[in-house]
Amino acid sequence: MARDMSDNDILKMELEQLQKEVKNTREPVSKTAKEICEWVEAQAAEDPLIKGVPEDKNPFKEKGGCIIT
């Protein structure tokens, strides 16, 4: 996409993006990191990577065993 644009068009696009970013409210990392840690810890009980998947609900469990003859 950028290959088909002139330098002036690219600069306009970058300027528009920066104008959008300036409007975003910023939060200090010290506050947001704490909130993220609390959220992750609250969701850990439902996380299948931590908790595991029950055998009867595992969609990837093999239906039958492997028989070598």
# chains A, B, ... in the order shown; residues from 1 in each chain; ligands from 1
$ select_by_dssp --residues "chain A" --states "helix (DSSP H, G or I)" --output "count of residues only"
45
$ atom_distance --atom1 "CA of Asp56 (chain A)" --atom2 "CA of Trp39 (chain A)"
28.5 Å
$ residues_around --residues "Pro48 (chain A)" --least-positions-apart "5" --cutoff "12 Å" --atoms "only C-alpha atoms" --output "PyMOL selection string"
chain A and resi 43+53-54+57-58
$ write_last_selection --atoms "all heavy atoms" --output "compact mmCIF listing (two decimals), in the first residue's frame"
# COMPACT_ATOMS: atom_id res chain seq x y z
N GLN A 43 -8.49 -14.23 36.53
CA GLN A 43 -8.88 -15.11 35.44
C GLN A 43 -8.16 -16.46 35.48
O GLN A 43 -8.52 -17.37 34.74
CB GLN A 43 -8.59 -14.44 34.09
CG GLN A 43 -9.29 -13.12 33.89
CD GLN A 43 -10.80 -13.23 33.93
OE1 GLN A 43 -11.36 -14.15 33.37
NE2 GLN A 43 -11.44 -12.31 34.60
N VAL A 53 -7.72 -29.22 30.99
CA VAL A 53 -9.03 -29.51 30.40
C VAL A 53 -9.48 -30.87 30.90
O VAL A 53 -8.72 -31.83 30.84
CB VAL A 53 -8.93 -29.51 28.86
CG1 VAL A 53 -10.26 -29.85 28.22
CG2 VAL A 53 -8.43 -28.17 28.35
N PRO A 54 -10.72 -30.97 31.39
CA PRO A 54 -11.21 -32.28 31.83
C PRO A 54 -11.19 -33.28 30.67
O PRO A 54 -11.44 -32.92 29.52
CB PRO A 54 -12.64 -32.01 32.29
CG PRO A 54 -12.75 -30.54 32.45
CD PRO A 54 -11.70 -29.92 31.59
N LYS A 57 -14.18 -33.39 28.33
CA LYS A 57 -14.46 -32.20 27.52
C LYS A 57 -13.32 -31.86 26.56
O LYS A 57 -13.37 -30.85 25.88
CB LYS A 57 -14.73 -31.01 28.43
CG LYS A 57 -15.99 -31.15 29.23
CD LYS A 57 -16.27 -29.91 30.03
CE LYS A 57 -17.57 -30.07 30.82
NZ LYS A 57 -17.89 -28.89 31.58
N ASN A 58 -12.29 -32.69 26.53
CA ASN A 58 -11.14 -32.44 25.68
C ASN A 58 -11.47 -32.81 24.24
O ASN A 58 -11.61 -33.98 23.91
CB ASN A 58 -9.94 -33.25 26.17
CG ASN A 58 -8.67 -32.92 25.41
OD1 ASN A 58 -8.70 -32.19 24.42
ND2 ASN A 58 -7.56 -33.45 25.87
$ atom_distance --atom1 "CA of Glu62 (chain A)" --atom2 "CA of Leu49 (chain A)"
19.2 Å
$ atom_distance --atom1 "CA of Ala45 (chain A)" --atom2 "CA of Pro28 (chain A)"
27.8 Å
